[in-house]
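The block underneath contains the structure these notes are about, expressed in structure tokens.
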Amino acid sequence: MASHSDTLVVFFGATAGANGGKLGSDEREIILLVWQIVDLHEKKVGKLHRCLVKPDTSELTDECKEETGLNLEDLVSAEPLDKVLQQFHESVTSEVKCLGRSSYTLCVDSPLVIRQALHPEASKKNLVLPECFFSFVDVRKEFHKCCPSAGPVQKLTPASMLEYVGLPAVSEQLTGVREVRSMVQLILCILAEPHNHEFSCVETVKYKFDSGTCSKTEPVDSETVIRARGLPWQSSDQDIARFFKGLNIAKGGVALCLNAQGRRNGEALVRFINSEHRDLALERHKHHMGSRYIEVYKATGEEFLKIAGGTSNEVTQFLSKENQVIIRMRGLPFTATAQEVLSFLGPESPVTDGAEGLLFVKYPDGRPTGDAFVLFSCEEYAQNALKKHKQILGKRYIELFRSTAAEVQQVLNRYISTPLISTLPPSPIVSVPVLATPPFLPAASSTRDCVRLRGLPYAAGIEDILEFMGEHTIDIKPHGVHMVLNQQGRPSGDAFIQMKSSDKAFMVAQKCHKKTMKDRYVEVFQCSTEEMSIVLMGGTLNRSGLSPPPCKLPCLSPPTAYTAFPTLPAGLSEVALYQPPLLAAPRAPQTTVHSPAHALAYYPPQPHLYMNMNMNYTAYYPSPPVSPSTVGYFAAPPGAVAAVAAQPHPAAAAASPVLPQPGALVRMQGLPYNTGVKDILSYFQGYQYAPDEYSGVVQVSDQARSLIQPKEWLCL
């Protein structure tokens with residue numbers, strides 16, 4: 001305000017739910033406003049006003065009824081919030097004018113009524129608040145400046161402050177009136193001798209969110225960052241800033257997270273100006289954005305910089321223009337030029353600075369990715385551009401949606417770090433990548449600290465599962481969510497979750513069993529890691545108990561043909577092995593020396609031996625509040641068999657055209673459904689293995705697949 005030291009308006013509010021230190025934490029509406037003017041220059045007090053507010057939902061909690069003494073009958077004839085705020089503005093403006101003052105500042109006993117109650121509710125109801133509600137003074141902080149020995153600011157109350165200065169407590173019984181009169185007495189007290197206090201700590205509420213860039217070298221305090229989860233995929237940084245309305249977000253402090261495919265995953269990292277605002281943001285856990293509730297967790301500055309930080313000069317220059325609306329274009333033809341994009345957008349949505357307002361996303365070698373970012377100088381131009389969503393450019397339809405500066409950084413960082421060539425060893429024949437081996441299962445244990453989710457929608461992702469778990473997500477072990485995929489690598493409708501204890505697993509099974517997810521009810525069973533491992537390999541688990549994978553089925557005659565491999569080409573070593581598994585997690589490329597005997601070869605499939613190496617049993621995701629990661633793999637050519645050379649056994653090198661690596665795994669596909677273990681062992685009768693090692697043979701009943709683990713080598 002222009003002159004905040006002349007006039008204060010002592011302000012108090014109460015909601016239909018929690019009040020006091022939890023005011024605004026439950027999204028309840030304001031039902032009571034009380035205010036009174038104090039002339040700081042003349043030390044005079046104006047008339048006290050107490051107005052009831054009619055909420056949209058006619059429901060008061062028992063706590064509210066007890067604290068305020070109000071009930072629904074009292075609010076029936078009250079005015080809605082917009083009318084009461086208009087009445088407040090007219091009343092205060094008139095009184096201030098009568099006092100000969102030109103401006104005033106609100107004074108509250110806690111910022112919660114302004115930041116956590118009034119601004120969020122006005123934002124949801126699309127109300128335009130008067131300018132006076134964007135600045136205020138906190139009487140507790142002002143009192144602490146006068147009396148620093150009174151105790152921590154967070155623990156000060158009007159009653160305790162009156163007691164500290166030796167003033168009697170206000171005997172008024174009406175809620176709101178009591179608090180306002182107590183604050184007025186405190187103000188008059190610290191204005192007088194010996195304090196002679198001047199009110200100077202004016203707090204502000206930002207009118208709008210300021211977009212901007214963030215450097216990877218910029219220090220970010222972890223006490224100022226949160227992670228929001230469950231956001232609608234089309235949410236922009238402005239939508240997120242509106243969700244946190246009343247709290248001040250740092251410039252460029254909203255970073256939307258992307259998944260492995262470059263699409264938004266429903267998460268965002270938000271950076272506030274200080275830890276006080278971050279703590280207030282955490283109180284909005286499970287508040288709603290439209291019909292969705294949003295989860296809010298603590299995050300770190302390192303996580304924020306990983307998403308929002310950038311070092312590209314091109315990006316910095318592109319984002320250097322202030323107050324620009326960013327639109328992302330996806331699906332552009334690889335041959336599209338800047339002029340073609342400008343023509344596609346048309347004259348009704350002019351791009352800022354023409355071609356300079358376009359940023360094409362490219363791979364490190366300069367190849368286009370089909371993505372681009374566009375700057376518009378105003379919201380109107382951006383809206384006109386969004387109307388061209390899924391219109392045709394060339395022979396492709398183009399997707400357009402809102403973007404942020406952090407998303408620009410994230411997308412550019414992702415493509416810049418993309419390797420140009422495969423990290424697989426070169427092959428003298430055909431260089432085709434091999435399937436990455438899925439991570440190992442957790443150590444088997446009989447402790448029932450896991451739960452199985454059965455009947456998940458096939459479209460359900462990690463975000464849906466975490467939303468389904470609700471408050472129990474905090475009890476999930478790190479990397480404890482295991483989604484089961486079928487033979488084609490698609491979701492099977494099952495998932496396993498490791499909890500921190502068996503008690504937590506029991507609670508989840510009790511509370512979430514047959515809870516719905518996307519119009520489907522999901523069954524939740526408590527189980528152990530041992531049972532989980534058996535089920536992942538083909539067993540069954542339900543309320544009736546556990547059934548292990550079938551191991552003894554009716555025997556069949558062994559195949560008559562064993563010559564599944566063709567004659568080796570000239571120049572290729574006689575000895576071939578399966579390619580050693582690749583780690584699914586990213587790692588730095590390592591230099592490996594390959595001898596001619598370690599060549600990578602692919603053979604066409606034969607009628608009697610068909611081993612599909614392109615299989616992924618499970619995908620693993622970390623637990624909150626870390627973003628889900630994607631387990632990627634390299635697909636082998638359909639119907640191909642991979643073999644890699646290795647050192648043969650000394651006694652059989654001359655007689656063995658194919659010598660598997662010790663401990664190598666062989667996967668078979670296309671077996672008859674009634675095939676037994678004896679059939680499989682007789683089929684591989686040339687392998688040397690211990691006869692009692694049946695643990696090396698695993699059958700999956702629903703897929704009719706087998707994994708055979710030879711002990712040493714194969715002799716033909």
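Residue numbering restarts at 1 in every chain; chains get A, B, ... in the order shown in the structure tokens, and ligands count up from 1 in that same order.
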Long-range neighbours of Cys98 of chain A as a short mmCIF file (atom, residue, chain, number, x, y, z; two decimals) with N, CA, C and O atoms, in the first residue's frame, 12 Å cut-off, only C-alpha atoms, 3 positions minimum in chain:
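Output contents, as saved in part11.cif:
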data_model
loop_
_atom_site.label_atom_id
_atom_site.label_comp_id
_atom_site.auth_asym_id
_atom_site.auth_seq_id
_atom_site.Cartn_x
_atom_site.Cartn_y
_atom_site.Cartn_z
N THR A 7 -2.93 3.70 8.70
CA THR A 7 -4.17 3.02 9.07
C THR A 7 -4.02 1.51 8.93
O THR A 7 -3.49 1.02 7.92
N ILE A 37 -11.06 -0.89 12.23
CA ILE A 37 -10.01 0.03 11.79
C ILE A 37 -9.29 0.64 12.99
O ILE A 37 -9.91 0.97 14.01
N ASP A 39 -6.52 3.79 13.62
CA ASP A 39 -5.76 4.93 13.11
C ASP A 39 -4.45 5.01 13.89
O ASP A 39 -4.43 5.36 15.06
N GLY A 46 -11.95 2.44 15.07
CA GLY A 46 -13.23 2.59 14.39
C GLY A 46 -14.25 1.57 14.87
O GLY A 46 -14.05 0.84 15.85
N SER A 91 -17.19 -0.43 3.10
CA SER A 91 -17.19 0.05 4.48
C SER A 91 -15.84 0.62 4.88
O SER A 91 -15.75 1.71 5.45
N VAL A 92 -14.77 -0.12 4.59
CA VAL A 92 -13.44 0.33 4.99
C VAL A 92 -13.03 1.58 4.22
O VAL A 92 -12.47 2.52 4.80
N THR A 93 -13.30 1.61 2.93
CA THR A 93 -12.95 2.79 2.13
C THR A 93 -13.64 4.04 2.66
O THR A 93 -13.03 5.12 2.75
N SER A 94 -14.91 3.89 3.03
CA SER A 94 -15.66 5.04 3.56
C SER A 94 -15.08 5.51 4.89
O SER A 94 -14.89 6.73 5.10
N GLU A 95 -14.76 4.59 5.80
CA GLU A 95 -14.23 4.99 7.11
C GLU A 95 -12.85 5.62 6.99
O GLU A 95 -12.55 6.60 7.69
N ARG A 101 -7.57 9.65 5.64
CA ARG A 101 -6.46 8.83 5.15
C ARG A 101 -6.75 8.37 3.72
O ARG A 101 -7.91 8.33 3.30
N SER A 102 -5.69 8.02 3.03
CA SER A 102 -5.87 7.62 1.63
C SER A 102 -5.65 6.13 1.41
O SER A 102 -6.00 5.60 0.35
N SER A 103 -5.05 5.44 2.37
CA SER A 103 -4.76 4.02 2.17
C SER A 103 -4.76 3.30 3.51
O SER A 103 -4.77 3.93 4.57
#
Find, counting only C-alpha atoms, the residue in A:His288, A:Glu223, A:Val351, A:Gln409 that gets nearest to Gly309 of chain A. A:Gln409
Do a neighbour search on segment 176-179 of chain A at 9 Å with only C-alpha atoms, toss out local chain neighbours closer than 2 positions, and write the hits as a list in words.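 The neighbour list is Phe11, Phe12, Gly13, Ala14, Leu32, Leu33, Val34, Trp35, Leu48, His49, Arg50, Thr68, Asp109, Pro158, Ala159, Val170, Ser171, Glu172, Gln173, Leu174, Arg181, Ser182, Met183 and Val184 of chain A.
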Tell me, as a PyMOL selection string, which residues lie within 12 Å of Gly346 of chain A, counting only C-alpha atoms; anything in the same chain fewer than 4 positions away does not count. chain A and resi 339-342+350-351+354+381-382+384-388
Please dump the current selection as a compact mmCIF listing (two decimals), in the first residue's frame; keep all heavy atoms.
# COMPACT_ATOMS: atom_id res chain seq x y z
N GLN A 339 9.36 -21.28 -41.86
CA GLN A 339 8.34 -20.59 -42.63
C GLN A 339 7.06 -21.42 -42.74
O GLN A 339 5.95 -20.89 -42.67
CB GLN A 339 8.87 -20.25 -44.03
CG GLN A 339 7.96 -19.33 -44.84
CD GLN A 339 7.67 -18.01 -44.12
OE1 GLN A 339 8.59 -17.36 -43.61
NE2 GLN A 339 6.40 -17.62 -44.08
N GLU A 340 7.20 -22.73 -42.89
CA GLU A 340 6.02 -23.60 -42.96
C GLU A 340 5.26 -23.61 -41.64
O GLU A 340 4.03 -23.62 -41.62
CB GLU A 340 6.45 -25.02 -43.34
CG GLU A 340 6.91 -25.15 -44.78
CD GLU A 340 7.47 -26.53 -45.08
OE1 GLU A 340 7.89 -27.23 -44.13
OE2 GLU A 340 7.49 -26.91 -46.26
N VAL A 341 5.98 -23.58 -40.53
CA VAL A 341 5.33 -23.54 -39.22
C VAL A 341 4.61 -22.22 -39.03
O VAL A 341 3.47 -22.17 -38.53
CB VAL A 341 6.37 -23.77 -38.11
CG1 VAL A 341 5.73 -23.57 -36.73
CG2 VAL A 341 6.96 -25.16 -38.21
N LEU A 342 5.24 -21.11 -39.43
CA LEU A 342 4.59 -19.80 -39.31
C LEU A 342 3.33 -19.73 -40.17
O LEU A 342 2.31 -19.18 -39.75
CB LEU A 342 5.58 -18.70 -39.71
CG LEU A 342 6.80 -18.51 -38.80
CD1 LEU A 342 7.75 -17.46 -39.38
CD2 LEU A 342 6.37 -18.10 -37.40
N PRO A 350 0.27 -14.55 -34.49
CA PRO A 350 1.65 -14.21 -34.87
C PRO A 350 2.65 -14.62 -33.80
O PRO A 350 2.42 -14.45 -32.60
CB PRO A 350 1.61 -12.68 -35.03
CG PRO A 350 0.46 -12.24 -34.19
CD PRO A 350 -0.55 -13.34 -34.26
N VAL A 351 3.77 -15.18 -34.24
CA VAL A 351 4.83 -15.64 -33.34
C VAL A 351 5.72 -14.46 -33.00
O VAL A 351 6.04 -13.63 -33.85
CB VAL A 351 5.64 -16.76 -34.01
CG1 VAL A 351 6.79 -17.21 -33.12
CG2 VAL A 351 4.73 -17.93 -34.34
N GLY A 354 8.86 -13.51 -35.14
CA GLY A 354 8.88 -14.38 -36.31
C GLY A 354 9.63 -15.68 -36.07
O GLY A 354 9.39 -16.38 -35.08
N TYR A 381 -3.23 -14.63 -28.70
CA TYR A 381 -2.52 -15.29 -29.80
C TYR A 381 -2.31 -16.77 -29.49
O TYR A 381 -2.41 -17.63 -30.39
CB TYR A 381 -1.17 -14.61 -30.04
CG TYR A 381 -1.27 -13.19 -30.53
CD1 TYR A 381 -0.20 -12.30 -30.40
CD2 TYR A 381 -2.44 -12.71 -31.12
CE1 TYR A 381 -0.28 -10.99 -30.85
CE2 TYR A 381 -2.53 -11.40 -31.57
CZ TYR A 381 -1.45 -10.54 -31.42
OH TYR A 381 -1.54 -9.25 -31.86
N ALA A 382 -1.99 -17.07 -28.24
CA ALA A 382 -1.78 -18.47 -27.86
C ALA A 382 -3.07 -19.28 -28.00
O ALA A 382 -3.05 -20.43 -28.47
CB ALA A 382 -1.25 -18.55 -26.43
N ASN A 384 -5.51 -18.70 -30.08
CA ASN A 384 -5.75 -18.90 -31.51
C ASN A 384 -4.89 -20.05 -32.04
O ASN A 384 -5.33 -20.83 -32.89
CB ASN A 384 -5.44 -17.62 -32.28
CG ASN A 384 -6.45 -16.51 -31.98
OD1 ASN A 384 -7.57 -16.78 -31.55
ND2 ASN A 384 -6.03 -15.26 -32.19
N ALA A 385 -3.65 -20.14 -31.55
CA ALA A 385 -2.78 -21.22 -31.99
C ALA A 385 -3.29 -22.58 -31.51
O ALA A 385 -3.25 -23.57 -32.24
CB ALA A 385 -1.35 -20.98 -31.48
N LEU A 386 -3.79 -22.64 -30.27
CA LEU A 386 -4.28 -23.90 -29.73
C LEU A 386 -5.50 -24.43 -30.48
O LEU A 386 -5.79 -25.63 -30.43
CB LEU A 386 -4.61 -23.74 -28.24
CG LEU A 386 -3.41 -23.53 -27.31
CD1 LEU A 386 -3.88 -23.19 -25.90
CD2 LEU A 386 -2.53 -24.77 -27.29
N LYS A 387 -6.21 -23.56 -31.18
CA LYS A 387 -7.36 -24.00 -31.97
C LYS A 387 -6.93 -24.86 -33.16
O LYS A 387 -7.76 -25.55 -33.76
CB LYS A 387 -8.14 -22.78 -32.48
CG LYS A 387 -8.81 -21.98 -31.37
CD LYS A 387 -9.51 -20.75 -31.92
CE LYS A 387 -10.15 -19.92 -30.79
NZ LYS A 387 -10.79 -18.69 -31.30
N LYS A 388 -5.64 -24.82 -33.49
CA LYS A 388 -5.14 -25.62 -34.61
C LYS A 388 -4.65 -27.00 -34.16
O LYS A 388 -3.96 -27.70 -34.91
CB LYS A 388 -4.01 -24.87 -35.32
CG LYS A 388 -4.47 -23.56 -35.95
CD LYS A 388 -3.36 -22.89 -36.72
CE LYS A 388 -3.85 -21.59 -37.36
NZ LYS A 388 -4.83 -21.86 -38.43
Taking the DSSP assignment computed from this structure's backbone, write out as JSON, numbers by chain all residues of segment 40-229 of chain A that belong to helix (DSSP H, G or I). {"A": [62, 63, 64, 65, 66, 67, 68, 72, 73, 74, 75, 81, 82, 83, 84, 85, 86, 87, 88, 89, 90, 91, 92, 93, 94, 95, 96, 97, 98, 112, 113, 114, 115, 116, 117, 118, 119, 120, 121, 122, 123, 124, 131, 132, 133, 134, 139, 140, 141, 142, 143, 144, 145, 146, 148, 149, 150, 153, 154, 155, 158, 159, 160, 161, 162, 163, 164, 177, 178, 179, 180, 181, 182, 183, 184, 185, 186, 187, 188, 189, 190, 191, 222, 223, 224]}
What does the distance between atom CA of Leu453 of chain A and atom CA of Arg490 of chain A come to in Å, to one decimal place? 16.1 Å
